[in-house]
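The structure appears right after this line, and notes come after that.
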Amino acid sequence: MTPFEQSDPLLSVRALEKQFEGKGGMFGKKRAVRAVDDISFDVGRGETVGLVGESGCGKTTVGRLVLHLLEPSGGEVRFNGQNLQTLDAGVLRSMRQHMQIIFQDPLGALNPRMSVGELIMEPLVIHGVGDAVARQKRLSQLLGQVGLATYHAARFPHEFSGGQRQRICIARALALNPSFIVCDEAASALDVSIQAQILNLLQDLKHELGLTYLFISHDLGVIRHISDRVAVMYLGKIVEIGTKHEIFDTPQHPYTVALLRSAPSRNRGKTRYAAIKGDLPNPANPPSGCRFHTRCPIAQPICKQQEPPLAETAAGQRAACHFPGTLAP
Amino acid sequence: MSIAATFSSPAPASDFSGEPLLEVQNLRVSFGKLQVVDGISFTLRQGEVLGIVGESGSGKSVSALALLRLLPPNAQVTADRLMLGGEDLLSAKESRYESLRGSQIAMIFQEPMTALNPVLSVGHQIVETIRRHNKVGRREARDRAVAALRRVGIPAAEQRFNEYPHQMSGGMRQRVMIAMALACGPRVLIADEPTTALDVTIQAQILELLQDLQDEYQMGTIMITHDLGVVSSFADRVLVMYAGQVVEDAPAAELFARPGHPYTEGLLASIPSSLQDVERLYAIPGSVPPPFDLPSGCRFEPRCTYSRPPCRAARPWLMPFQPHHEAACIRNHGYHFPASEEVAP
């Protein structure tokens with residue numbers, strides 16, 4: 001049992017589902033895309049859960065769903081014990097103070113016509129927190145917390161570098177004292193030396209302010225570094241979930257193994273890649289049975305017919321595979 | 001099998017044996033008053049993979065485009081020496097460059113969707129390249145193009161020949177780019193962030209393919225990337241660029257085991273690894289200076305933890321650090337600029 005298996009988790013997701021209506025073309029039949037299909041996990045108080053997977057696996061959709069920025073097609077999201085779907089709009093809105101999101105592209109997330117000060121104070125204004133004096137005080141406090149100076153408040157987003165812009169987004173996300181933040185590829189668009197600054201800042205803020213993160217990334221190194229627990233997604237499903245060390249040291253699902261083998265690492269030296277074959281299937285038309293069977297090096301006939309449940313393995317973590325642990329990392 | 005057998009007519013590879021394939025000395029690129037590449041030098045031999053790493057704005061892509069004379073007219077490119085095989089590229093006419101590009105030096109770009117023509121079938125585009133550089137008929141060019149598509153691992157190459165770029169996945173499009181780049185058997189291949197836009201498992205497939213082709217055809221390859229992991233697994237030698245300059249030049253294994261420049265050291269310590277835990281990442285303070293506001297001494301000095309007053313006095317050049325390993329840092333020399341004869345090769 002990890003310290004984060006709490007009886008009262010901050011976020012609890014059960015059988016979460018999201019379907020998007022497909023376009024289907026002018027004459028084609030409309031086809032729904034199941035972007036997220038029957039996903040369940042908890043995020044404990046003070047925990048960082050990493051969500052990793054390739055494009056189209058549904059990780060970003062999960063991030064939007066848990067904040068109720070998207071309406072789920074099925075299942076439930078409980079935040080602090082309350083089911084977000086049953087709340088009326090006013091309560092949900094005040095609930096949003098406690099849950100925030102940081103996006104990948106800070107320039108796209110910041111209104112170019114607003115000064116940094118206005119941007120950071122906007123959430124306070126919207127939620128009617130404090131008077132002008134109190135907001136100014138909070139503003140300089142926030143700027144300090146994210147490593148910006150007070151004089152930056154009068155400037156505009158275009159005057160800043162990518163790393164500084166992400167600091168502005170972080171200050172904005174922190175303005176209302178949230179307890180939970182979804183970080184959606186929050187450091188992915190930055191150069192490595194700046195990425196390290198932002199990752200360190202996020203970790204420091206977590207300890208200082210007792211934050212809880214859902215950290216979404218495609219970068220395995222970043223996920224290992226920042227997460228306590230990790231969920232691996234493939235085509236709308238969680239295929240493996242466990243502690244960081246369970247996932248990285250003794251991966252049980254062949255897709256997790258393939259991901260880890262594919263990640264280029266400077267620690268290995270000149271090596272040959274032995275990539276798994278095939279392209280990612282179209283999420284609108286996922287394979288039958290286990291969704292990974294079309295690319296899996298250890299697939300058996302049963303994998304094509306029966307979908308394996310996400311079940312506890314001998315190694316401790318849960319994996320959705322008929323033959324967990326067969327493929328060595 | 002020679003590169004010619006699959007991809008093109010025989011290329012006279014013998015005149016490069018032991019000789020450098022590509023020699024670049026003191027390459028500089030500026031746009032007006034802004035100098036974005038400031039004196040880079042290297043030699044590339046047959047079969048060698050040279051990695052060029054750096055963050056955005058370090059000048060790595062601009063250097064590659066300058067080699068191919070693909071920069072816009074407002075770029076001023078100068079060099080002391082620029083040789084491809086025995087041929088002086090500095091005095092080469094534009095018409096000569098046109099025939100060199102694609103046949104002798106080829107390039108793969110990061111985004112195949114923008115590099116490929118969306119209104120022509122992929123097969124047509126490869127045939128076009130082949131016929132431009134070789135006197136062959138349509139039928140033979142088509143056969144070669146199909147063979148090239150097959151060689152880069154495109155299933156049902158005969159049918160995919162007629163498809164358009166938008167009908168293919170990102171990984172397949174990058175395979176098409178590679179087939180096109182290699183269709184005429186170039187001696188030098190420049191790959192600019194060839195896998196950056198791809199998902200991890202697809203990136204591994206493309207790197208595996210490039211490794212196979214490299215082994216088979218022994219080109220001289222320049223791999224430009226921001227990803228030290230990719231460089232580590234692929235390159236024989238690495239140039240590290242910072243603010244338009246090469247700050248370190250080392251065999252790949254050496255560079256990762258014993259970085260000789262504080263910038264390289266900082267970069268290595270700032271990347272989280274999927275193989276091991278670190279308590280806290282090292283973060284290089286500050287950010288890269290813009291080309292209009294460069295420090296007069298060492299360009300990395302304002303961000304360097306080892307900085308001392310002499311570092312601000314003059315700009316360090318590449319100095320010997322280990323055998324075959326140079327770094328532009330005076331810390332390795334007791335914070336003294338070595339006399340010039342000491343640093344002669």
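Identifiers in this document derive from the order of the structure tokens: chains are assigned A, B, ..., residues are numbered from 1 separately in each chain, and ligands are numbered from 1 in order of occurrence.
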In range 49-157 of chain A, what's helix (DSSP H, G or I) per DSSP? Answer as a PDB file with C-alpha atoms, in the first residue's frame?
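Everything below was put into states.pdb:
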```
ATOM      1  CA  LYS A  59      -4.848  11.894 -21.968  1.00  0.00           C
ATOM      2  CA  THR A  60      -5.725  15.522 -22.660  1.00  0.00           C
ATOM      3  CA  THR A  61      -9.445  14.668 -22.771  1.00  0.00           C
ATOM      4  CA  VAL A  62      -9.123  13.078 -19.328  1.00  0.00           C
ATOM      5  CA  GLY A  63      -7.566  16.312 -18.057  1.00  0.00           C
ATOM      6  CA  ARG A  64     -10.490  18.348 -19.399  1.00  0.00           C
ATOM      7  CA  LEU A  65     -13.070  15.872 -18.060  1.00  0.00           C
ATOM      8  CA  VAL A  66     -11.815  15.851 -14.480  1.00  0.00           C
ATOM      9  CA  LEU A  84     -19.227  17.293 -10.203  1.00  0.00           C
ATOM     10  CA  GLN A  85     -22.004  16.239 -12.516  1.00  0.00           C
ATOM     11  CA  THR A  86     -24.765  16.647  -9.960  1.00  0.00           C
ATOM     12  CA  ALA A  89     -23.760  25.709 -12.150  1.00  0.00           C
ATOM     13  CA  GLY A  90     -23.170  28.172  -9.313  1.00  0.00           C
ATOM     14  CA  VAL A  91     -21.660  25.590  -6.972  1.00  0.00           C
ATOM     15  CA  LEU A  92     -19.539  24.141  -9.778  1.00  0.00           C
ATOM     16  CA  ARG A  93     -18.217  27.608 -10.489  1.00  0.00           C
ATOM     17  CA  SER A  94     -17.109  28.227  -6.939  1.00  0.00           C
ATOM     18  CA  MET A  95     -15.704  24.680  -6.880  1.00  0.00           C
ATOM     19  CA  ARG A  96     -13.520  25.673  -9.858  1.00  0.00           C
ATOM     20  CA  GLN A  97     -11.498  27.935  -7.550  1.00  0.00           C
ATOM     21  CA  HIS A  98      -9.942  24.811  -6.150  1.00  0.00           C
ATOM     22  CA  PRO A 106       1.477  29.741 -22.685  1.00  0.00           C
ATOM     23  CA  LEU A 107       1.194  32.310 -25.467  1.00  0.00           C
ATOM     24  CA  GLY A 108      -2.089  30.803 -26.619  1.00  0.00           C
ATOM     25  CA  ALA A 109      -3.375  30.788 -23.041  1.00  0.00           C
ATOM     26  CA  VAL A 116       0.607  40.547 -16.812  1.00  0.00           C
ATOM     27  CA  GLY A 117      -0.918  42.146 -13.720  1.00  0.00           C
ATOM     28  CA  GLU A 118      -4.416  42.116 -15.220  1.00  0.00           C
ATOM     29  CA  LEU A 119      -3.968  38.533 -16.374  1.00  0.00           C
ATOM     30  CA  ILE A 120      -2.929  37.288 -12.954  1.00  0.00           C
ATOM     31  CA  MET A 121      -5.627  39.252 -11.122  1.00  0.00           C
ATOM     32  CA  GLU A 122      -8.395  38.281 -13.552  1.00  0.00           C
ATOM     33  CA  PRO A 123      -9.398  35.121 -11.642  1.00  0.00           C
ATOM     34  CA  LEU A 124      -9.630  37.185  -8.424  1.00  0.00           C
ATOM     35  CA  VAL A 125     -11.877  39.719 -10.147  1.00  0.00           C
ATOM     36  CA  ILE A 126     -14.095  37.021 -11.667  1.00  0.00           C
ATOM     37  CA  ALA A 132      -8.215  46.384  -5.203  1.00  0.00           C
ATOM     38  CA  VAL A 133      -5.608  46.784  -2.451  1.00  0.00           C
ATOM     39  CA  ALA A 134      -5.782  43.162  -1.413  1.00  0.00           C
ATOM     40  CA  ARG A 135      -5.522  42.056  -5.058  1.00  0.00           C
ATOM     41  CA  GLN A 136      -2.417  44.180  -5.614  1.00  0.00           C
ATOM     42  CA  LYS A 137      -0.853  42.607  -2.563  1.00  0.00           C
ATOM     43  CA  ARG A 138      -1.757  39.127  -3.762  1.00  0.00           C
ATOM     44  CA  LEU A 139      -0.343  39.980  -7.196  1.00  0.00           C
ATOM     45  CA  SER A 140       3.111  40.844  -5.918  1.00  0.00           C
ATOM     46  CA  GLN A 141       3.057  37.751  -3.713  1.00  0.00           C
ATOM     47  CA  LEU A 142       2.202  35.551  -6.716  1.00  0.00           C
ATOM     48  CA  LEU A 143       4.848  37.152  -8.919  1.00  0.00           C
ATOM     49  CA  GLY A 144       7.425  36.425  -6.236  1.00  0.00           C
ATOM     50  CA  GLN A 145       6.271  32.832  -5.879  1.00  0.00           C
ATOM     51  CA  THR A 150       6.887  43.226  -9.383  1.00  0.00           C
ATOM     52  CA  TYR A 151       7.748  45.503 -12.323  1.00  0.00           C
ATOM     53  CA  HIS A 152       6.800  42.684 -14.715  1.00  0.00           C
ATOM     54  CA  ALA A 153       3.143  43.299 -13.844  1.00  0.00           C
ATOM     55  CA  ALA A 154       2.901  46.289 -16.197  1.00  0.00           C
ATOM     56  CA  PRO A 157       2.868  38.652 -22.693  1.00  0.00           C
TER      57      PRO A 157
END
```
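The chain B residues that come within 6 Å of chain A are Glu55, Asp199, Thr201, Ala204, Gln205, Glu208, Gly229, Val230, Ser232, Ser233, Phe234, Ser270, Pro272, Ser273, Ser274, Ala283 and Ile284 of chain B, with only C-alpha atoms taken into account.
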Can you write just those residues out, N, CA and C atoms, as a PDB file, in the first residue's frame?
```
ATOM      1  N   GLU B  55      19.798  24.314 -28.343  1.00  0.00           N
ATOM      2  CA  GLU B  55      18.426  24.701 -28.093  1.00  0.00           C
ATOM      3  C   GLU B  55      17.944  25.597 -29.231  1.00  0.00           C
ATOM      4  N   ASP B 199       5.365  10.627 -32.455  1.00  0.00           N
ATOM      5  CA  ASP B 199       5.170   9.949 -31.180  1.00  0.00           C
ATOM      6  C   ASP B 199       6.349   9.034 -30.872  1.00  0.00           C
ATOM      7  N   THR B 201       6.849   5.856 -30.021  1.00  0.00           N
ATOM      8  CA  THR B 201       7.065   4.548 -30.654  1.00  0.00           C
ATOM      9  C   THR B 201       7.338   4.710 -32.148  1.00  0.00           C
ATOM     10  N   ALA B 204      10.933   5.847 -32.600  1.00  0.00           N
ATOM     11  CA  ALA B 204      11.864   4.714 -32.518  1.00  0.00           C
ATOM     12  C   ALA B 204      11.911   3.968 -33.852  1.00  0.00           C
ATOM     13  N   GLN B 205      10.762   3.840 -34.519  1.00  0.00           N
ATOM     14  CA  GLN B 205      10.746   3.165 -35.825  1.00  0.00           C
ATOM     15  C   GLN B 205      11.589   3.925 -36.846  1.00  0.00           C
ATOM     16  N   GLU B 208      15.263   3.641 -36.061  1.00  0.00           N
ATOM     17  CA  GLU B 208      15.724   2.291 -36.427  1.00  0.00           C
ATOM     18  C   GLU B 208      15.969   2.226 -37.943  1.00  0.00           C
ATOM     19  N   GLY B 229      19.191  12.543 -26.082  1.00  0.00           N
ATOM     20  CA  GLY B 229      18.982  11.097 -26.115  1.00  0.00           C
ATOM     21  C   GLY B 229      19.130  10.554 -27.520  1.00  0.00           C
ATOM     22  N   VAL B 230      18.541  11.255 -28.497  1.00  0.00           N
ATOM     23  CA  VAL B 230      18.633  10.833 -29.896  1.00  0.00           C
ATOM     24  C   VAL B 230      20.091  10.866 -30.352  1.00  0.00           C
ATOM     25  N   SER B 232      22.776  10.668 -28.531  1.00  0.00           N
ATOM     26  CA  SER B 232      23.565   9.660 -27.833  1.00  0.00           C
ATOM     27  C   SER B 232      23.422   8.295 -28.481  1.00  0.00           C
ATOM     28  N   SER B 233      22.220   7.978 -28.967  1.00  0.00           N
ATOM     29  CA  SER B 233      22.010   6.639 -29.519  1.00  0.00           C
ATOM     30  C   SER B 233      22.454   6.554 -30.971  1.00  0.00           C
ATOM     31  N   PHE B 234      22.665   7.673 -31.619  1.00  0.00           N
ATOM     32  CA  PHE B 234      22.824   7.657 -33.071  1.00  0.00           C
ATOM     33  C   PHE B 234      24.181   8.149 -33.567  1.00  0.00           C
ATOM     34  N   SER B 270      20.088  18.761 -16.695  1.00  0.00           N
ATOM     35  CA  SER B 270      18.744  19.337 -16.631  1.00  0.00           C
ATOM     36  C   SER B 270      17.690  18.444 -17.279  1.00  0.00           C
ATOM     37  N   PRO B 272      15.424  15.218 -17.341  1.00  0.00           N
ATOM     38  CA  PRO B 272      14.987  14.083 -16.530  1.00  0.00           C
ATOM     39  C   PRO B 272      15.105  12.775 -17.324  1.00  0.00           C
ATOM     40  N   SER B 273      15.580  11.735 -16.692  1.00  0.00           N
ATOM     41  CA  SER B 273      15.807  10.463 -17.380  1.00  0.00           C
ATOM     42  C   SER B 273      14.681   9.483 -17.078  1.00  0.00           C
ATOM     43  N   SER B 274      14.366   8.640 -18.059  1.00  0.00           N
ATOM     44  CA  SER B 274      13.359   7.610 -17.811  1.00  0.00           C
ATOM     45  C   SER B 274      13.999   6.381 -17.183  1.00  0.00           C
ATOM     46  N   ALA B 283      18.908  23.268 -13.030  1.00  0.00           N
ATOM     47  CA  ALA B 283      18.339  24.195 -14.008  1.00  0.00           C
ATOM     48  C   ALA B 283      19.361  25.276 -14.291  1.00  0.00           C
ATOM     49  N   ILE B 284      19.789  25.372 -15.554  1.00  0.00           N
ATOM     50  CA  ILE B 284      20.706  26.451 -15.934  1.00  0.00           C
ATOM     51  C   ILE B 284      19.969  27.763 -15.709  1.00  0.00           C
TER      52      ILE B 284
END
```
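By only C-alpha atoms, and with residues fewer than 5 positions from range 102-109 of chain B along its chain excluded, the set lying at most 7 Å from it is Ala115, His133, Met177, Ile178, Ala181, Cys184, Gly185, Pro186, Arg187, Val188, Leu189, Ile190, Ala191, Asp192, Glu193 and Pro194 of chain B.
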ask   = If you count only C-alpha atoms, which residues fall within 10 Å of Thr294 in chain A, apart from same-chain ones fewer than 2 positions away, as a VMD selection string?
value = chain A and resid 277 to 281 286 to 288 290 to 292 296 to 297 299 303 to 304
Write a file of the just-selected residues containing N, CA and C atoms, as a CSV table (one decimal), in the first residue's frame.
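And here's out_11.csv as it stands now:
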```csv
chain,number,residue,atom,x,y,z
A,277,LYS,N,6.3,-2.7,-34.2
A,277,LYS,CA,5.9,-2.4,-35.6
A,277,LYS,C,4.5,-1.7,-35.6
A,278,GLY,N,4.2,-1.1,-36.7
A,278,GLY,CA,2.8,-0.6,-36.9
A,278,GLY,C,2.6,0.8,-36.5
A,279,ASP,N,1.5,1.4,-37.1
A,279,ASP,CA,1.1,2.7,-36.7
A,279,ASP,C,0.1,2.6,-35.6
A,280,LEU,N,-0.2,3.7,-34.9
A,280,LEU,CA,-1.3,3.8,-34.0
A,280,LEU,C,-2.6,3.6,-34.8
A,281,PRO,N,-3.5,2.7,-34.3
A,281,PRO,CA,-4.8,2.5,-35.0
A,281,PRO,C,-5.6,3.8,-34.9
A,286,PRO,N,-11.2,1.4,-33.1
A,286,PRO,CA,-10.2,0.6,-32.4
A,286,PRO,C,-10.2,-0.9,-32.6
A,287,PRO,N,-9.1,-1.6,-32.6
A,287,PRO,CA,-9.1,-3.0,-32.8
A,287,PRO,C,-10.0,-3.7,-31.8
A,288,SER,N,-10.4,-4.9,-32.1
A,288,SER,CA,-11.2,-5.7,-31.2
A,288,SER,C,-10.3,-6.3,-30.1
A,290,CYS,N,-8.1,-6.8,-27.1
A,290,CYS,CA,-7.1,-5.9,-26.5
A,290,CYS,C,-6.7,-4.9,-27.6
A,291,ARG,N,-6.8,-3.6,-27.3
A,291,ARG,CA,-6.6,-2.6,-28.4
A,291,ARG,C,-5.1,-2.6,-28.9
A,292,PHE,N,-4.2,-3.2,-28.1
A,292,PHE,CA,-2.8,-3.1,-28.5
A,292,PHE,C,-2.4,-4.4,-29.3
A,296,CYS,N,1.3,-5.7,-30.8
A,296,CYS,CA,1.9,-6.4,-29.6
A,296,CYS,C,2.8,-7.5,-30.1
A,297,PRO,N,4.1,-7.6,-29.6
A,297,PRO,CA,5.0,-8.6,-30.0
A,297,PRO,C,4.6,-10.0,-29.4
A,299,ALA,N,1.3,-11.1,-28.8
A,299,ALA,CA,-0.1,-11.3,-28.9
A,299,ALA,C,-0.4,-12.8,-29.2
A,303,CYS,N,-6.1,-12.5,-27.5
A,303,CYS,CA,-6.0,-11.1,-27.4
A,303,CYS,C,-6.9,-10.4,-28.4
A,304,LYS,N,-7.1,-11.0,-29.5
A,304,LYS,CA,-7.9,-10.5,-30.6
A,304,LYS,C,-9.4,-10.5,-30.2
```
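The coordinates place CA of Glu185 in chain A at 20.2 Å from CA of His207 in chain A.
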query = as a PyMOL selection string, which residues of range 70-160 of chain B does DSSP assign to strand (DSSP E)?
reply = chain B and resi 75-78+81-84+87-88+105-108
Who sits within 10 Å of Ala328 in chain A, only C-alpha atoms, same chain under 5 positions skipped, as number ranges by chain = A: 250-254, 257-258
message = Give me the residues near Leu198 in chain B as number ranges by chain, where near means some atom within 7 Å (using only C-alpha atoms) and where sequence neighbours in that chain fewer than 5 positions away do not count.
response = B: 170-171, 203
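Using only C-alpha atoms, the residues found no farther than 8 Å from Gly289 in chain A, other than those of its own chain fewer than 6 positions away, are A:Ile302, A:Cys303, A:Lys304, A:Gln305, A:Gln306, A:Glu307, A:Pro308.
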File of the preceding selection, N, CA and C atoms, as an mmCIF file, in the first residue's frame:
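Writing done, so here's result_12.cif:
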```
data_model
loop_
_atom_site.group_PDB
_atom_site.id
_atom_site.type_symbol
_atom_site.label_atom_id
_atom_site.label_comp_id
_atom_site.auth_asym_id
_atom_site.auth_seq_id
_atom_site.Cartn_x
_atom_site.Cartn_y
_atom_site.Cartn_z
ATOM 1 N N ILE A 302 -6.259 -15.187 -28.206
ATOM 2 C CA ILE A 302 -7.243 -14.683 -27.235
ATOM 3 C C ILE A 302 -7.273 -13.157 -27.188
ATOM 4 N N CYS A 303 -6.114 -12.543 -27.462
ATOM 5 C CA CYS A 303 -6.004 -11.080 -27.354
ATOM 6 C C CYS A 303 -6.879 -10.377 -28.376
ATOM 7 N N LYS A 304 -7.137 -11.042 -29.489
ATOM 8 C CA LYS A 304 -7.950 -10.464 -30.556
ATOM 9 C C LYS A 304 -9.433 -10.550 -30.187
ATOM 10 N N GLN A 305 -9.780 -11.517 -29.361
ATOM 11 C CA GLN A 305 -11.197 -11.758 -29.065
ATOM 12 C C GLN A 305 -11.652 -11.123 -27.767
ATOM 13 N N GLN A 306 -10.819 -11.230 -26.736
ATOM 14 C CA GLN A 306 -11.276 -10.808 -25.417
ATOM 15 C C GLN A 306 -10.502 -9.608 -24.915
ATOM 16 N N GLU A 307 -11.216 -8.640 -24.428
ATOM 17 C CA GLU A 307 -10.548 -7.478 -23.879
ATOM 18 C C GLU A 307 -10.095 -7.803 -22.456
ATOM 19 N N PRO A 308 -8.809 -7.663 -22.172
ATOM 20 C CA PRO A 308 -8.345 -7.985 -20.821
ATOM 21 C C PRO A 308 -8.736 -6.886 -19.826
#
```
key: Two-atom distance - CA of Thr212 in chain A, CA of Lys18 in chain A (Å)   =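 Separating CA of Thr212 in chain A from CA of Lys18 in chain A is a distance of 23.8 Å.
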